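A.B. asks: Provided below: query_16.txt, containing compact mmCIF, C-alpha atoms.
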```
# COMPACT_ATOMS: atom_id res chain seq x y z
CA MET A 673 49.16 -62.41 -56.83
CA ARG A 674 50.41 -62.10 -53.29
CA GLU A 675 48.10 -61.07 -50.49
CA LEU A 676 48.97 -59.04 -47.41
CA ARG A 677 46.91 -57.84 -44.50
CA LEU A 678 47.26 -54.24 -43.37
CA VAL A 679 47.06 -53.31 -39.68
CA THR A 680 45.36 -49.92 -39.47
CA GLY A 681 42.32 -48.14 -38.15
CA ASN A 682 42.51 -45.53 -40.91
CA MET A 683 40.39 -46.28 -43.97
CA HIS A 684 42.21 -43.66 -46.05
CA LYS A 685 45.44 -45.55 -45.47
CA LEU A 686 43.78 -48.82 -46.43
CA GLN A 687 42.65 -47.24 -49.72
CA GLU A 688 46.13 -45.90 -50.42
CA PHE A 689 47.71 -49.29 -49.79
CA GLN A 690 45.10 -51.11 -51.86
CA HIS A 691 45.62 -48.70 -54.72
CA GLY A 692 49.40 -48.49 -54.54
CA LEU A 693 50.21 -52.14 -53.87
CA GLY A 694 47.38 -53.27 -56.17
CA GLN A 695 49.20 -51.61 -59.07
CA LEU A 696 52.29 -53.56 -58.04
CA GLY A 697 50.52 -56.93 -57.92
CA ILE A 698 49.63 -57.28 -54.24
CA THR A 699 46.10 -57.36 -52.82
CA VAL A 700 45.59 -55.79 -49.42
CA SER A 701 42.93 -56.65 -46.87
CA LEU A 702 42.41 -55.45 -43.32
CA LEU A 703 43.81 -57.07 -40.17
CA LYS A 704 42.32 -56.00 -36.88
CA ALA A 705 45.08 -56.03 -34.27
CA ASP A 706 46.25 -53.64 -31.58
CA CYS A 707 49.63 -52.22 -30.88
CA ASP A 708 50.72 -49.82 -28.14
CA GLU A 709 52.80 -47.20 -29.89
CA VAL A 710 56.00 -46.41 -28.00
CA GLN A 711 57.17 -42.82 -27.57
CA ALA A 712 60.14 -43.22 -29.87
CA ASP A 713 62.53 -40.85 -31.61
CA THR A 714 61.94 -42.31 -35.05
CA LEU A 715 59.08 -43.78 -37.05
CA GLU A 716 61.17 -46.90 -37.55
CA GLU A 717 61.32 -47.57 -33.80
CA VAL A 718 57.52 -47.32 -33.61
CA VAL A 719 57.17 -49.67 -36.58
CA ARG A 720 59.63 -52.22 -35.16
CA SER A 721 57.84 -52.24 -31.83
CA CYS A 722 54.43 -52.72 -33.51
CA LEU A 723 55.77 -55.54 -35.68
CA ASP A 724 56.99 -57.29 -32.51
CA GLN A 725 53.73 -56.82 -30.66
CA ILE A 726 51.51 -58.03 -33.48
CA ALA A 727 53.76 -60.99 -34.32
CA ASP A 728 53.66 -61.86 -30.58
CA GLN A 729 49.87 -62.01 -30.89
CA GLY A 730 50.38 -64.86 -33.38
CA HIS A 731 49.79 -62.97 -36.64
CA GLU A 732 51.79 -63.67 -39.81
CA ASP A 733 52.08 -61.98 -43.21
CA PHE A 734 50.99 -58.49 -42.31
CA ILE A 735 52.05 -54.98 -43.09
CA LEU A 736 51.75 -51.69 -41.21
CA ASP A 737 53.09 -48.18 -41.42
CA ASP A 738 53.77 -45.12 -39.35
CA SER A 739 54.00 -41.70 -40.89
CA GLY A 740 54.85 -38.21 -39.80
CA LEU A 741 55.10 -34.63 -40.98
CA PHE A 742 58.37 -32.87 -40.14
CA VAL A 743 58.24 -29.07 -40.36
CA HIS A 744 61.76 -27.74 -40.65
CA ALA A 745 61.23 -24.34 -39.00
CA LEU A 746 59.64 -26.16 -36.04
CA ASN A 747 62.59 -28.48 -35.37
CA GLY A 748 60.79 -31.39 -36.97
CA PHE A 749 57.53 -30.93 -35.06
CA PRO A 750 55.03 -32.69 -35.12
CA GLY A 751 57.20 -35.61 -36.30
CA VAL A 752 56.53 -38.98 -34.70
CA TYR A 753 53.60 -37.45 -32.77
CA SER A 754 51.83 -36.21 -35.90
CA SER A 755 48.57 -38.01 -35.33
CA TYR A 756 48.22 -36.83 -31.71
CA VAL A 757 49.10 -33.27 -32.70
CA PHE A 758 46.60 -33.38 -35.55
CA SER A 759 43.86 -34.49 -33.17
CA THR A 760 44.51 -31.57 -30.83
CA ILE A 761 45.70 -28.46 -32.69
CA GLY A 762 45.08 -29.66 -36.27
CA ASN A 763 46.10 -27.88 -39.45
CA ASP A 764 45.12 -24.53 -37.94
CA GLY A 765 47.75 -25.07 -35.27
CA ILE A 766 50.48 -25.84 -37.80
CA LEU A 767 49.54 -22.75 -39.84
CA LYS A 768 49.55 -20.59 -36.72
CA LEU A 769 52.96 -21.86 -35.63
CA LEU A 770 54.36 -20.92 -39.06
CA ASN A 771 52.88 -17.44 -38.97
CA GLY A 772 55.66 -15.04 -39.90
CA SER A 773 58.11 -17.82 -40.73
CA GLU A 774 59.89 -17.47 -44.06
CA ASP A 775 60.90 -21.11 -44.12
CA ARG A 776 57.78 -23.20 -44.79
CA THR A 777 59.62 -26.30 -46.00
CA ALA A 778 58.62 -29.66 -44.59
CA HIS A 779 58.74 -33.32 -45.42
CA PHE A 780 56.54 -36.31 -44.85
CA GLU A 781 58.03 -39.65 -43.97
CA CYS A 782 56.38 -43.05 -44.10
CA CYS A 783 57.95 -46.15 -42.62
CA ILE A 784 56.44 -49.45 -43.75
CA GLY A 785 57.09 -52.64 -41.81
CA CYS A 786 56.16 -56.08 -43.00
CA HIS A 787 56.28 -59.48 -41.38
CA LEU A 788 56.31 -62.12 -44.10
CA CYS A 789 57.16 -65.83 -43.81
CA GLY A 790 59.03 -65.08 -40.58
CA GLU A 791 61.13 -62.38 -42.22
CA ARG A 792 60.96 -58.64 -41.81
CA ILE A 793 61.06 -55.89 -44.36
CA ILE A 794 61.35 -52.29 -43.22
CA VAL A 795 61.52 -49.43 -45.71
CA THR A 796 61.08 -45.68 -45.53
CA GLY A 797 59.64 -43.28 -48.09
CA ARG A 798 59.81 -39.52 -48.16
CA SER A 799 58.12 -36.57 -49.80
CA SER A 800 59.56 -33.06 -49.63
CA GLY A 801 57.48 -29.96 -50.06
CA GLU A 802 56.08 -27.03 -48.18
CA ILE A 803 53.29 -25.96 -45.88
CA THR A 804 50.77 -23.85 -47.79
CA MET A 805 49.48 -20.50 -46.51
CA GLY A 806 46.04 -22.04 -45.90
CA PRO A 807 44.22 -25.39 -46.29
CA ARG A 808 43.26 -26.44 -49.83
CA GLY A 809 41.26 -29.48 -50.93
CA SER A 810 39.17 -32.09 -49.16
CA ASP A 811 40.59 -35.46 -50.26
CA GLY A 812 43.06 -37.46 -48.22
CA PHE A 813 43.37 -37.04 -44.46
CA GLY A 814 45.37 -35.39 -41.72
CA TYR A 815 47.79 -32.72 -42.89
CA ASP A 816 47.07 -33.33 -46.60
CA PRO A 817 45.26 -29.96 -47.11
CA VAL A 818 48.30 -27.93 -46.01
CA PHE A 819 51.11 -29.88 -47.70
CA GLN A 820 52.14 -29.27 -51.29
CA PRO A 821 54.88 -31.61 -52.51
CA ASP A 822 57.79 -30.24 -54.55
CA GLY A 823 57.04 -30.24 -58.26
CA ALA A 824 53.24 -30.14 -57.81
CA GLN A 825 50.81 -27.24 -57.90
CA ARG A 826 48.26 -28.98 -55.70
CA THR A 827 48.16 -30.11 -52.08
CA PHE A 828 47.76 -33.82 -51.30
CA ALA A 829 44.11 -33.05 -50.47
CA GLU A 830 43.57 -31.72 -54.00
CA MET A 831 44.87 -34.93 -55.59
CA GLY A 832 43.21 -38.25 -56.34
CA LEU A 833 44.79 -41.50 -55.10
CA GLU A 834 46.71 -41.94 -58.33
CA GLU A 835 48.39 -38.54 -58.29
CA LYS A 836 48.95 -38.53 -54.52
CA GLY A 837 50.60 -41.94 -54.81
CA ARG A 838 53.12 -40.59 -57.32
CA TYR A 839 54.20 -37.76 -55.03
CA SER A 840 53.61 -39.08 -51.55
CA HIS A 841 55.85 -40.53 -48.85
CA ARG A 842 53.55 -43.56 -48.68
CA GLY A 843 53.70 -44.12 -52.43
CA ASP A 844 57.49 -43.83 -52.27
CA ALA A 845 57.64 -46.30 -49.37
CA MET A 846 55.38 -48.75 -51.22
CA ARG A 847 57.68 -48.70 -54.25
CA HIS A 848 60.71 -49.35 -52.02
CA PHE A 849 58.78 -52.10 -50.31
CA VAL A 850 57.90 -53.92 -53.52
CA ALA A 851 61.47 -53.56 -54.81
CA GLU A 852 62.72 -55.14 -51.59
CA LEU A 853 60.12 -57.89 -51.84
CA ASP A 854 61.21 -58.62 -55.40
CA LYS A 855 64.83 -58.75 -54.38
CA ARG A 856 64.17 -61.19 -51.55
CA MET A 857 61.55 -63.42 -53.09
CA GLY A 858 62.40 -63.30 -56.77
CA ARG A 859 59.90 -61.98 -59.24
CA ASN A 860 58.68 -65.51 -60.18
CA ASN A 861 57.10 -66.15 -56.82
CA ARG A 862 54.56 -63.37 -57.20
CA MET B 656 63.53 -41.67 7.72
CA ARG B 657 62.50 -43.64 4.66
CA GLU B 658 64.63 -43.52 1.51
CA LEU B 659 63.41 -43.73 -2.07
CA ARG B 660 65.27 -43.60 -5.35
CA LEU B 661 63.90 -41.39 -8.12
CA VAL B 662 64.12 -42.45 -11.76
CA THR B 663 64.66 -39.30 -13.82
CA GLY B 664 67.09 -37.61 -16.13
CA ASN B 665 65.86 -34.17 -15.06
CA MET B 666 67.84 -32.55 -12.26
CA HIS B 667 65.09 -29.96 -11.65
CA LYS B 668 62.69 -32.80 -10.89
CA LEU B 669 65.21 -34.39 -8.56
CA GLN B 670 65.47 -31.10 -6.65
CA GLU B 671 61.70 -30.76 -6.41
CA PHE B 672 61.34 -34.30 -5.09
CA GLN B 673 64.21 -33.89 -2.63
CA HIS B 674 62.69 -30.66 -1.35
CA GLY B 675 59.06 -31.78 -1.28
CA LEU B 676 59.52 -35.30 0.07
CA GLY B 677 62.34 -34.16 2.36
CA GLN B 678 59.83 -31.92 4.18
CA LEU B 679 57.63 -34.99 4.55
CA GLY B 680 60.36 -37.17 5.99
CA ILE B 681 61.66 -39.04 2.96
CA THR B 682 65.13 -38.72 1.46
CA VAL B 683 65.42 -39.03 -2.30
CA SER B 684 68.44 -40.19 -4.27
CA LEU B 685 68.86 -40.86 -7.97
CA LEU B 686 68.32 -44.20 -9.72
CA LYS B 687 69.70 -44.56 -13.22
CA ALA B 688 67.31 -46.76 -15.19
CA ASP B 689 65.70 -46.58 -18.62
CA CYS B 690 62.12 -46.87 -19.62
CA ASP B 691 60.58 -46.69 -23.09
CA GLU B 692 57.64 -44.33 -22.76
CA VAL B 693 54.54 -45.67 -24.49
CA GLN B 694 52.34 -43.39 -26.59
CA ALA B 695 49.46 -43.46 -24.14
CA ASP B 696 46.31 -41.42 -23.64
CA THR B 697 47.01 -40.65 -20.01
CA LEU B 698 49.99 -39.93 -17.79
CA GLU B 699 48.95 -42.84 -15.61
CA GLU B 700 49.36 -45.31 -18.46
CA VAL B 701 52.87 -44.02 -19.08
CA VAL B 702 53.69 -44.29 -15.38
CA ARG B 703 52.28 -47.83 -15.07
CA SER B 704 54.27 -48.97 -18.07
CA CYS B 705 57.50 -47.43 -16.70
CA LEU B 706 56.94 -49.02 -13.29
CA ASP B 707 56.61 -52.41 -15.02
CA GLN B 708 59.71 -51.94 -17.12
CA ILE B 709 61.93 -50.78 -14.29
CA ALA B 710 60.66 -53.44 -11.89
CA ASP B 711 61.37 -56.01 -14.64
CA GLN B 712 64.98 -54.78 -14.62
CA GLY B 713 65.15 -55.97 -11.00
CA HIS B 714 64.83 -52.61 -9.22
CA GLU B 715 62.89 -52.16 -5.97
CA ASP B 716 61.76 -49.19 -3.88
CA PHE B 717 61.80 -46.51 -6.54
CA ILE B 718 59.62 -43.61 -7.55
CA LEU B 719 59.03 -41.85 -10.87
CA ASP B 720 56.64 -39.35 -12.33
CA ASP B 721 55.22 -38.17 -15.62
CA SER B 722 53.79 -34.71 -16.01
CA GLY B 723 51.97 -32.74 -18.64
CA LEU B 724 50.54 -29.33 -19.43
CA PHE B 725 46.97 -29.38 -20.75
CA VAL B 726 45.88 -26.17 -22.49
CA HIS B 727 42.10 -26.07 -22.62
CA ALA B 728 41.67 -24.01 -25.81
CA LEU B 729 44.02 -26.48 -27.56
CA ASN B 730 42.03 -29.61 -26.69
CA GLY B 731 44.49 -30.57 -24.00
CA PHE B 732 47.62 -30.14 -26.16
CA PRO B 733 50.51 -30.74 -25.43
CA GLY B 734 49.26 -33.17 -22.75
CA VAL B 735 51.11 -36.47 -22.48
CA TYR B 736 53.56 -35.29 -25.16
CA SER B 737 54.57 -32.15 -23.26
CA SER B 738 58.26 -32.87 -23.13
CA TYR B 739 58.55 -33.66 -26.85
CA VAL B 740 56.51 -30.57 -27.73
CA PHE B 741 58.66 -28.44 -25.45
CA SER B 742 61.80 -29.67 -27.16
CA THR B 743 60.48 -28.72 -30.62
CA ILE B 744 58.22 -25.65 -30.49
CA GLY B 745 58.86 -24.60 -26.87
CA ASN B 746 57.06 -21.87 -24.97
CA ASP B 747 57.07 -19.65 -28.05
CA GLY B 748 54.98 -22.27 -29.84
CA ILE B 749 52.42 -22.46 -27.02
CA LEU B 750 52.16 -18.65 -26.94
CA LYS B 751 51.75 -18.50 -30.72
CA LEU B 752 49.02 -21.15 -30.69
CA LEU B 753 47.10 -19.09 -28.12
CA ASN B 754 47.42 -15.87 -30.10
CA GLY B 755 43.95 -14.36 -30.27
CA SER B 756 42.43 -16.94 -27.92
CA GLU B 757 40.34 -15.52 -25.08
CA ASP B 758 40.53 -18.72 -23.11
CA ARG B 759 44.07 -19.08 -21.74
CA THR B 760 43.20 -21.53 -18.96
CA ALA B 761 45.33 -24.63 -18.56
CA HIS B 762 46.29 -27.16 -15.97
CA PHE B 763 49.36 -29.16 -15.13
CA GLU B 764 49.08 -32.76 -14.04
CA CYS B 765 51.69 -34.91 -12.35
CA CYS B 766 51.30 -38.63 -11.91
CA ILE B 767 53.66 -40.25 -9.41
CA GLY B 768 54.21 -43.99 -9.40
CA CYS B 769 56.08 -45.84 -6.70
CA HIS B 770 57.19 -49.44 -6.36
CA LEU B 771 57.73 -50.18 -2.69
CA CYS B 772 58.12 -53.58 -0.96
CA GLY B 773 56.42 -55.21 -3.96
CA GLU B 774 53.44 -52.87 -3.74
CA ARG B 775 52.47 -50.02 -6.00
CA ILE B 776 51.28 -46.56 -5.21
CA ILE B 777 49.97 -44.33 -7.99
CA VAL B 778 48.69 -40.82 -7.30
CA THR B 779 47.94 -37.77 -9.39
CA GLY B 780 48.32 -34.09 -8.54
CA ARG B 781 46.98 -31.10 -10.38
CA SER B 782 47.52 -27.36 -10.63
CA SER B 783 45.05 -25.08 -12.42
CA GLY B 784 46.00 -21.73 -13.83
CA GLU B 785 46.59 -19.91 -17.04
CA ILE B 786 49.09 -19.33 -19.79
CA THR B 787 50.65 -15.88 -19.45
CA MET B 788 50.94 -13.44 -22.38
CA GLY B 789 54.72 -13.89 -22.41
CA PRO B 790 57.45 -15.81 -20.54
CA ARG B 791 58.37 -14.55 -17.06
CA GLY B 792 61.12 -15.81 -14.76
CA SER B 793 64.07 -18.14 -15.10
CA ASP B 794 63.68 -20.71 -12.34
CA GLY B 795 62.16 -24.14 -12.85
CA PHE B 796 62.08 -25.82 -16.25
CA GLY B 797 59.90 -26.50 -19.26
CA TYR B 798 56.67 -24.52 -19.40
CA ASP B 799 57.22 -22.92 -15.97
CA PRO B 800 57.84 -19.39 -17.41
CA VAL B 801 54.42 -19.27 -19.12
CA PHE B 802 52.22 -20.86 -16.43
CA GLN B 803 50.74 -18.86 -13.57
CA PRO B 804 48.77 -20.98 -11.10
CA ASP B 805 45.42 -19.77 -9.81
CA GLY B 806 45.80 -17.63 -6.70
CA ALA B 807 49.38 -16.61 -7.46
CA GLN B 808 50.76 -13.47 -9.07
CA ARG B 809 53.91 -15.18 -10.28
CA THR B 810 54.69 -17.88 -12.82
CA PHE B 811 56.30 -21.14 -11.65
CA ALA B 812 59.58 -19.78 -13.06
CA GLU B 813 59.36 -16.75 -10.76
CA MET B 814 59.00 -18.94 -7.65
CA GLY B 815 61.54 -20.70 -5.46
CA LEU B 816 61.21 -24.43 -4.74
CA GLU B 817 59.21 -23.74 -1.58
CA GLU B 818 56.55 -21.57 -3.20
CA LYS B 819 56.36 -23.65 -6.39
CA GLY B 820 55.83 -26.75 -4.27
CA ARG B 821 52.81 -25.19 -2.57
CA TYR B 822 51.12 -24.44 -5.89
CA SER B 823 52.42 -27.07 -8.25
CA HIS B 824 50.98 -30.30 -9.61
CA ARG B 825 54.13 -32.10 -8.43
CA GLY B 826 53.82 -30.67 -4.92
CA ASP B 827 50.16 -31.72 -4.87
CA ALA B 828 51.06 -35.22 -6.08
CA MET B 829 53.80 -35.54 -3.45
CA ARG B 830 51.33 -34.68 -0.68
CA HIS B 831 48.88 -37.29 -2.00
CA PHE B 832 51.72 -39.76 -2.24
CA VAL B 833 52.83 -39.32 1.35
CA ALA B 834 49.23 -39.50 2.59
CA GLU B 835 48.82 -42.79 0.75
CA LEU B 836 52.14 -44.06 2.12
CA ASP B 837 51.02 -43.17 5.64
CA LYS B 838 47.72 -44.94 5.16
CA ARG B 839 49.38 -48.11 3.94
CA MET B 840 52.45 -48.28 6.14
CA GLY B 841 51.32 -46.60 9.30
CA ARG B 842 53.01 -43.43 10.48
CA ASN B 843 55.25 -45.33 12.94
CA ASN B 844 57.26 -47.02 10.24
CA ARG B 845 58.65 -43.78 8.93
```
Using the file provided, produce a representation of the structure as structure tokens.

C.D. replies:
Amino acid sequence: MRELRLVTGNMHKLQEFQHGLGQLGITVSLLKADCDEVQADTLEEVVRSCLDQIADQGHEDFILDDSGLFVHALNGFPGVYSSYVFSTIGNDGILKLLNGSEDRTAHFECCIGCHLCGERIIVTGRSSGEITMGPRGSDGFGYDPVFQPDGAQRTFAEMGLEEKGRYSHRGDAMRHFVAELDKRMGRNNR
Amino acid sequence: MRELRLVTGNMHKLQEFQHGLGQLGITVSLLKADCDEVQADTLEEVVRSCLDQIADQGHEDFILDDSGLFVHALNGFPGVYSSYVFSTIGNDGILKLLNGSEDRTAHFECCIGCHLCGERIIVTGRSSGEITMGPRGSDGFGYDPVFQPDGAQRTFAEMGLEEKGRYSHRGDAMRHFVAELDKRMGRNNR
């Protein structure tokens, strides 16, 4: 069993990583470390910059992610600034901005970065779906109550960890991550 | 006559600085240099980080600014992310978010940072006003068509450089900047 430390201040994320990577044979604990997020065009740039900063602080064998909601009728807003936008205008703001819009499609993206034995792994996961007409459910966090992934009848906030992990951008990214880990390290080392 | 170089990719800003600082005895030319904007809580943090980065590239005697629109009913949104938000949801988005809101008050802030003879000057200017019911005017840039400063009957986009400079956050910041320059350098050096 491999162990990784997750850099986050979001306990929901920690739970999702513990659940998702736990199923794939990796235990996850918390690493307290700070990173100044750059104003970048992509999640990957933010992740690369945070990997640098935290490695520069002397940490090894850690993982982190950055995620965003991209609403197609809003030119990808709130995108890389999702968490700031959530803290100011929230789900109500997103719903208001889509008032009268026929196109309610959106996707979530999650970029995971890992620094392991001096090497880096960076993978991205995605979940396509649409913005609901109103918030539904109270699980999860952030935009979960207003996002229903394709193929599901429930929003992320109406799903438990297990179901959300099957549909979500973070679950998708975690599966890519473990596949990449397997490829690099060989299954026997875990 | 003192000369300063402005770091910007925005020709409207260059004009405003040339006009505003020109009146105060400083000529402004353009400096091409890049800075990665950090995701910060305040304009000042962004400005400090950009001053560092551009000074690290070996430049001297330059000026730059970061500005934001803070809408009070939206918890300060779009704030430090004003330019990203403008490029995605634009003025239409701001107007939509304020649909049905009685409180339309907002303020603009402009933080100017200057690196001069190895010293730093950082000042902030402010303009209070409100978000109009619809866009008016075609001068200026960004949120200018939907912002009417207190005491004026026109939006920033309905004003020429001269009038906008009297009311605007950037004009206010430029006056603070020159006052600070005078204090430090002595009026005789200019």

A.B. asks: Step by step: start from the point (49.4, -50.3, -54.1) in the file's coordinates, keep every protein, DNA or RNA residue that has an atom no farther than 12 Å from it, count only C-alpha atoms, and write the set as a PyMOL selection string.

C.D. replies: chain A and resi 674-676+678+685-701+833-834+836-838+842-850

A.B. asks: Pick out the residues sitting within 7 Å of region 793-803 of chain B, and hand them over as a ChimeraX atom specification; count all atoms listed in the file, and ignore anything fewer than 2 positions along from it in its own chain.

C.D. replies: /B:667,741,746,784-787,789-791,805,807,809-814

A.B. asks: List every residue of chain A that has an atom at most 6 Å from any atom of chain B, giving for each one its closest atom pair and the distance in Å to one decimal, counting all atoms listed in the file, sorted by chain and then by ascending residue number, as JSON lines.

C.D. replies:
```
{"residue": "A:Glu709", "atom": "CA", "partner": "B:Gln694", "partner_atom": "CA", "distance": 5.1}
{"residue": "A:Val710", "atom": "CA", "partner": "B:Val693", "partner_atom": "CA", "distance": 3.9}
{"residue": "A:Gln711", "atom": "CA", "partner": "B:Val693", "partner_atom": "CA", "distance": 5.0}
{"residue": "A:Leu746", "atom": "CA", "partner": "B:Ile744", "partner_atom": "CA", "distance": 5.8}
{"residue": "A:Asn747", "atom": "CA", "partner": "B:Thr743", "partner_atom": "CA", "distance": 5.2}
{"residue": "A:Phe749", "atom": "CA", "partner": "B:Thr743", "partner_atom": "CA", "distance": 5.8}
{"residue": "A:Thr760", "atom": "CA", "partner": "B:Asn730", "partner_atom": "CA", "distance": 5.2}
{"residue": "A:Ile761", "atom": "CA", "partner": "B:Leu729", "partner_atom": "CA", "distance": 5.7}
```

A.B. asks: So how many Å separate CA of Ile709 (chain B) and CA of Glu774 (chain B), to one decimal?

C.D. replies: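 Spanning CA of Ile709 (chain B) to CA of Glu774 (chain B) is a straight-line distance of 13.7 Å.
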
A.B. asks: Set the distance at 9 Å and use all atoms listed in the file: which residues neighbour Asp706 (chain A) once local chain neighbours fewer than 5 positions away are removed? I'd like the list as a PyMOL selection string.

C.D. replies: chain A and resi 679-680+722+725-726

A.B. asks: Please measure the separation of CA of Cys765 (chain B) and CA of Asn665 (chain B), giving the value in Å to one decimal.

C.D. replies: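 These atoms are spaced 14.4 Å apart.
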
A.B. asks: Could you pull region 765-800 of chain A out of the structure I just pasted and write it to a file containing C-alpha atoms, as a short mmCIF file (atom, residue, chain, number, x, y, z; two decimals), in the first residue's frame?

C.D. replies:
```
data_model
loop_
_atom_site.label_atom_id
_atom_site.label_comp_id
_atom_site.auth_asym_id
_atom_site.auth_seq_id
_atom_site.Cartn_x
_atom_site.Cartn_y
_atom_site.Cartn_z
CA GLY A 765 -25.10 33.76 -9.59
CA ILE A 766 -24.49 30.93 -12.06
CA LEU A 767 -28.24 30.23 -12.28
CA LYS A 768 -28.97 33.92 -12.82
CA LEU A 769 -26.36 34.22 -15.57
CA LEU A 770 -27.99 31.28 -17.38
CA ASN A 771 -31.48 32.74 -17.11
CA GLY A 772 -33.02 32.55 -20.56
CA SER A 773 -30.12 30.59 -22.02
CA GLU A 774 -31.07 27.50 -23.99
CA ASP A 775 -27.60 26.05 -23.78
CA ARG A 776 -27.02 24.88 -20.18
CA THR A 777 -24.17 22.49 -20.99
CA ALA A 778 -21.05 22.65 -18.88
CA HIS A 779 -18.12 20.53 -17.85
CA PHE A 780 -16.00 20.13 -14.78
CA GLU A 781 -12.29 19.61 -15.05
CA CYS A 782 -9.89 18.37 -12.40
CA CYS A 783 -6.14 18.49 -12.80
CA ILE A 784 -4.16 16.36 -10.37
CA GLY A 785 -0.45 16.94 -9.84
CA CYS A 786 1.81 14.64 -7.91
CA HIS A 787 5.41 14.90 -6.84
CA LEU A 788 6.73 11.41 -6.15
CA CYS A 789 10.35 10.26 -5.74
CA GLY A 790 11.48 13.40 -7.57
CA GLU A 791 9.19 12.71 -10.53
CA ARG A 792 6.03 14.47 -11.55
CA ILE A 793 2.72 13.10 -12.68
CA ILE A 794 0.09 15.45 -14.05
CA VAL A 795 -3.27 14.18 -15.28
CA THR A 796 -6.62 15.75 -16.06
CA GLY A 797 -10.12 14.36 -15.62
CA ARG A 798 -13.37 15.65 -17.00
CA SER A 799 -17.10 15.33 -16.45
CA SER A 800 -19.63 16.66 -18.94
#
```
